[in-house]
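*Asks:* Pasting a structure here, questions to come.
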Amino acid sequence: MLELSKAQIEQYREEGFLILDRIIDPADAAKLKARYEPLFDKAEYETGLCPDEVNKPQGNPPYTQQICNGWRADLTVARIALSEQIGKACAQLAGWPGARVQIDNLLWKPPGGRAIGFHQDSAYLYWLDKPDMTTCWIALDQTTAEGGSLMYIVGSHRWGEAKPILQFHGPEDDLREAREWAENLGLELKLVPIVVPPGGGAFHDGWVWHGSRVNKTENPRRSISIHTVSSEVRYNPNSLNIGTGPVYGRYMRFGTLDVDDNYFPVTWHQDGKRTKGLDHYLTHGYRA
Ligand SMILES: O=C(O)CCC(=O)C(=O)O
């Protein structure tokens with residue numbers, strides 16, 4: 001059972017993140033890891049639907065491979081990404097009445113895999129009002145600092161709102177924008193890696209600068225990120241062309257700025273308003 005103490009919530013708000021040795025059962029982490037090969041290598045989609053994005057940039061050294069919204073394609077992914085406990089923890093940390101999943105990311109960084117540039121998640125979300133985000137990042141392999149684990153810049157959620165970075169996948173200088181931003185503010189970069197066993201991970205604020213460096217080990221680093229926003233968010237029609245708006249803005253409904261629960265489900269709400277039908281979906285998929 002994932003229960004956060006008052007001290008942990010305060011630490012998250014102070015530092016911009018909270019690292020935990022256990023977020024989900026390691027056995028569930030192993031089940032999810034077993035789905036990576038079918039999803040990434042064989043495009044085996046259990047529900048009959050494709051994920052929203054499959055990013056497999058090719059190169060040498062290799063890039064980190066990414067699937068976005070794997071929950072639509074696979075129920076093992078969905079049971080974790082749409083978990084009520086994780087939604088509750090995100091809402092509590094952020095101080096929201098409820099949490100909505102905006103997107104999940106399945107990430108697979110191979111040995112030698114290139115970096116993910118340091119960025120702020122919420123900078124990709126100006127098409128929502130508000131773009132504030134809380135993410136739950138879960139390791140599926142034991143992580144190490146040298147093994148390309150996710151790293152945070154302590155306290156950087158208070159540095160202000162930047163734009164999306166120039167190169168997200170595999171930049172040579174992964175800290176470029178974060179360093180420039182810090183230099184302008186006259187601040188130091190204090191990096192903290194997530195070092196946890198499978199099933200452990202972290203929660204982070206959408207404005208905290210973070211990224212993951214080159215994987216210098218012989219072991220792959222697999223993880224899932226569950227990005228949540230407040231249950232109360234609406235579309236911001238003036239900003240659809242920023243960040244991932246052109247991809248996820250397609251779920252807008254005519255004549256309303258309300259976001260659609262079928263695409264951005266509420267996974268926990270203090271008033272019990274978890275999206276209707278979600279628990280049926282986790283067992284049966286889209287079948288009646
Ligand atoms: O796992 C990574 O390498 C990047 C993940 C990330 O940027 C995120 O979860 O926001």
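Identifiers in this document derive from the order of the structure tokens: chains are assigned A, B, ..., residues are numbered from 1 separately in each chain, and ligands are numbered from 1 in order of occurrence.
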Could you pull the residues within 8 Å of Glu53 of chain A, counting only C-alpha atoms, minus those fewer than 6 positions along the same chain, as a list in words?

*Replies:* Gln66, Ile67, Cys68 and Asn69 of chain A

*Asks:* As a PyMOL selection string, which residues of segment 14-129 of chain A does DSSP assign to strand (DSSP E)?

*Replies:* chain A and resi 17-20+53-55+65-68+98-109+116-119+128-129

*Asks:* I need the chosen residues saved as an mmCIF file, in the first residue's frame, with C-alpha atoms.

*Replies:*
data_model
loop_
_atom_site.group_PDB
_atom_site.id
_atom_site.type_symbol
_atom_site.label_atom_id
_atom_site.label_comp_id
_atom_site.auth_asym_id
_atom_site.auth_seq_id
_atom_site.Cartn_x
_atom_site.Cartn_y
_atom_site.Cartn_z
ATOM 1 C CA PHE A 17 10.837 15.240 -6.203
ATOM 2 C CA LEU A 18 10.571 12.301 -3.820
ATOM 3 C CA ILE A 19 12.536 9.071 -4.314
ATOM 4 C CA LEU A 20 11.069 5.843 -2.882
ATOM 5 C CA GLU A 53 3.315 7.176 -30.120
ATOM 6 C CA VAL A 54 6.059 4.659 -30.789
ATOM 7 C CA ASN A 55 9.401 6.507 -30.938
ATOM 8 C CA GLN A 65 13.222 3.784 -27.229
ATOM 9 C CA GLN A 66 9.865 5.144 -26.121
ATOM 10 C CA ILE A 67 6.193 4.173 -26.285
ATOM 11 C CA CYS A 68 3.615 6.768 -25.229
ATOM 12 C CA GLY A 98 -7.882 14.523 -8.119
ATOM 13 C CA ALA A 99 -5.394 13.272 -10.716
ATOM 14 C CA ARG A 100 -5.804 12.579 -14.430
ATOM 15 C CA VAL A 101 -3.340 10.564 -16.478
ATOM 16 C CA GLN A 102 -2.159 12.788 -19.329
ATOM 17 C CA ILE A 103 0.282 10.257 -20.786
ATOM 18 C CA ASP A 104 2.391 7.252 -19.886
ATOM 19 C CA ASN A 105 5.895 6.714 -21.265
ATOM 20 C CA LEU A 106 7.526 3.302 -21.457
ATOM 21 C CA LEU A 107 11.263 3.857 -21.756
ATOM 22 C CA TRP A 108 13.954 1.388 -22.719
ATOM 23 C CA LYS A 109 17.511 2.634 -22.597
ATOM 24 C CA ILE A 116 17.454 12.136 -22.618
ATOM 25 C CA GLY A 117 18.079 15.892 -22.452
ATOM 26 C CA PHE A 118 17.321 17.709 -19.192
ATOM 27 C CA HIS A 119 13.931 19.367 -19.495
ATOM 28 C CA LEU A 128 -3.605 22.482 -21.121
ATOM 29 C CA ASP A 129 -4.775 25.030 -18.592
#

*Asks:* Grab me every residue within 7 Å of ligand 1, counting only C-alpha atoms and all ligand atoms, and send it over as JSON, numbers by chain.

*Replies:* {"A": [107, 116, 121, 135, 137, 149, 150, 210, 211, 212, 223, 225]}

*Asks:* Rank A:Tyr263, A:Tyr235, A:Phe203, A:Tyr251 by their smallest atom-to-atom distance to Tyr12 of chain A, using only C-alpha atoms, and report the top residue only.

*Replies:*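 Among the listed residues, the smallest separation from Tyr12 of chain A belongs to A:Phe203.
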
*Asks:* I need the residue nearest Gly199 of chain A from this list: A:Ile224, A:Glu46, A:Phe254, A:Glu218. Use only C-alpha atoms for the distance.

*Replies:* A:Ile224

*Asks:* Show me, as an MDAnalysis selection string, the residues that have an atom within 12 Å of His284 of chain A when counting only C-alpha atoms, minus same-chain residues fewer than 2 positions from it.

*Replies:* chainID A and resid 46:47 74:76 78:79 277:282 286:288

*Asks:* Atom CA of Gly155 of chain A and atom CA of Glu14 of chain A are how many Å apart?

*Replies:* 6.6 Å

*Asks:* Need the shell around Pro171 of chain A: protein/DNA/RNA residues with any atom at most 9 Å away, counting only C-alpha atoms. Skip same-chain ones fewer than 3 positions apart. Format as a PyMOL selection string?

*Replies:* chain A and resi 114-117+166-168+174-176

*Asks:* Selected residues, N, CA and C atoms, written as a tab-separated table (two decimals), in the first residue's frame, please.

*Replies:*
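As a result, result_39.tsv now contains:
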chain	number	residue	atom	x	y	z
A	114	ARG	N	21.96	6.55	-25.48
A	114	ARG	CA	22.20	7.99	-25.33
A	114	ARG	C	21.29	8.61	-24.28
A	115	ALA	N	21.62	9.86	-23.98
A	115	ALA	CA	20.89	10.60	-22.94
A	115	ALA	C	19.50	11.02	-23.39
A	116	ILE	N	18.67	11.34	-22.41
A	116	ILE	CA	17.45	12.14	-22.62
A	116	ILE	C	17.80	13.51	-22.05
A	117	GLY	N	17.67	14.55	-22.87
A	117	GLY	CA	18.08	15.89	-22.45
A	117	GLY	C	17.31	16.38	-21.24
A	166	LEU	N	15.75	21.92	-27.17
A	166	LEU	CA	16.04	21.78	-28.60
A	166	LEU	C	16.04	20.31	-29.05
A	167	GLN	N	16.73	19.46	-28.30
A	167	GLN	CA	16.81	18.03	-28.67
A	167	GLN	C	16.55	17.17	-27.45
A	168	PHE	N	15.42	16.48	-27.49
A	168	PHE	CA	14.99	15.65	-26.34
A	168	PHE	C	15.73	14.31	-26.36
A	174	ASP	N	23.62	17.02	-22.83
A	174	ASP	CA	22.28	16.78	-22.26
A	174	ASP	C	21.84	17.84	-21.24
A	175	LEU	N	22.83	18.59	-20.69
A	175	LEU	CA	22.49	19.58	-19.66
A	175	LEU	C	22.41	20.99	-20.20
A	176	ARG	N	22.51	21.13	-21.52
A	176	ARG	CA	22.68	22.46	-22.12
A	176	ARG	C	21.69	23.52	-21.61

*Asks:* Write out as a short mmCIF file (atom, residue, chain, number, x, y, z; two decimals) with N, CA and C atoms, in the first residue's frame each polymer residue whose atoms come within 10 Å of Met151 of chain A, counting only C-alpha atoms; drop sequence neighbours fewer than 3 positions from it.

*Replies:*
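After the write, result-v2.cif holds the following:
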data_model
loop_
_atom_site.label_atom_id
_atom_site.label_comp_id
_atom_site.auth_asym_id
_atom_site.auth_seq_id
_atom_site.Cartn_x
_atom_site.Cartn_y
_atom_site.Cartn_z
N PHE A 118 17.99 17.17 -20.39
CA PHE A 118 17.32 17.71 -19.19
C PHE A 118 16.28 18.73 -19.62
N ALA A 145 23.56 5.22 -10.98
CA ALA A 145 23.87 6.55 -11.53
C ALA A 145 24.54 6.41 -12.90
N GLY A 148 22.40 5.32 -16.57
CA GLY A 148 21.43 6.13 -17.31
C GLY A 148 20.11 6.28 -16.58
N VAL A 154 18.06 19.42 -7.94
CA VAL A 154 17.37 19.72 -6.68
C VAL A 154 16.84 21.16 -6.65
N LYS A 190 22.64 20.94 -8.81
CA LYS A 190 22.89 19.82 -7.88
C LYS A 190 22.07 18.63 -8.37
N LEU A 191 22.78 17.63 -8.93
CA LEU A 191 22.09 16.49 -9.55
C LEU A 191 21.93 15.34 -8.57
N VAL A 192 20.74 14.75 -8.56
CA VAL A 192 20.49 13.56 -7.73
C VAL A 192 19.91 12.45 -8.60
N PRO A 193 20.61 11.30 -8.70
CA PRO A 193 20.08 10.19 -9.52
C PRO A 193 19.08 9.35 -8.72
N ILE A 194 18.17 8.70 -9.44
CA ILE A 194 17.27 7.73 -8.78
C ILE A 194 18.01 6.39 -8.77
N VAL A 195 18.36 5.92 -7.60
CA VAL A 195 19.02 4.60 -7.48
C VAL A 195 18.11 3.73 -6.62
N TRP A 209 13.65 20.41 -13.32
CA TRP A 209 14.52 20.01 -14.45
C TRP A 209 15.03 18.60 -14.17
N HIS A 210 14.94 17.74 -15.18
CA HIS A 210 15.40 16.36 -15.02
C HIS A 210 15.71 15.77 -16.39
N GLY A 211 16.49 14.71 -16.38
CA GLY A 211 16.83 14.02 -17.62
C GLY A 211 17.59 12.77 -17.25
N SER A 212 18.08 12.03 -18.24
CA SER A 212 18.86 10.84 -17.91
C SER A 212 20.06 10.79 -18.84
N ARG A 213 21.20 10.45 -18.27
CA ARG A 213 22.48 10.52 -18.99
C ARG A 213 22.75 9.20 -19.72
#

*Asks:* A:Ile153, A:Ala123, A:Leu93, A:Ala202: which is nearest Arg179 of chain A, counting only C-alpha atoms?

*Replies:*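 Among A:Ile153, A:Ala123, A:Leu93, A:Ala202, it is A:Ile153 that comes nearest to Arg179 of chain A.
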
*Asks:* Go through A:Ile24, A:Lys273, A:Pro111, A:Ser122 one by one, measure the shortest atom-to-atom distance of each to Val214 of chain A using only C-alpha atoms, and give the residue with the smallest value.

*Replies:*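 Using only C-alpha atoms, the shortest distance to Val214 of chain A belongs to A:Pro111.
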
*Asks:* Pick the closest to Lys130 of chain A from A:Arg22, A:Lys88, A:Lys6, A:Arg234: which is it, counting only C-alpha atoms?

*Replies:* A:Arg234

*Asks:* My list of candidates is A:Val266, A:Leu82, A:Ala34, A:Ala162. Which is closest to Asp141 of chain A when distances are computed with only C-alpha atoms?

*Replies:*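 Checking each candidate against Asp141 of chain A, we get A:Ala34 as the closest.
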
*Asks:* Please identify the helix (DSSP H, G or I) residues within segment 217-285 of chain A (assignment by DSSP from backbone atoms) and present them as number ranges by chain.

*Replies:* A: 237-239, 245-251, 278-284

*Asks:* What is the atom CA of Gly160 of chain A to atom CA of Thr134 of chain A distance in Å?

*Replies:*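 A separation of 16.0 Å between them.
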
*Asks:* Just the number, please: distance in Å from atom CA of Pro220 of chain A to atom CA of Glu37 of chain A, one decimal.

*Replies:* 12.3 Å

*Asks:* Which neighbours of Arg13 of chain A fall inside 10 Å, counting only C-alpha atoms, when residues of the same chain fewer than 5 positions from it are skipped, and could you give them as a compact mmCIF listing (two decimals) with C-alpha atoms, in the first residue's frame?

*Replies:*
# COMPACT_ATOMS: atom_id res chain seq x y z
CA ALA A 7 7.16 14.77 5.88
CA GLN A 8 7.43 13.10 2.46
CA LEU A 18 10.57 12.30 -3.82
CA LEU A 93 1.80 15.64 -3.59
CA ALA A 94 0.51 18.31 -5.95
CA GLY A 95 -2.37 19.40 -3.67
CA GLY A 155 14.98 22.63 -6.12
CA HIS A 157 10.99 23.46 -9.83
CA ARG A 158 11.31 26.97 -8.41
CA HIS A 204 8.46 14.63 -9.54
CA ASP A 205 7.00 18.08 -10.11
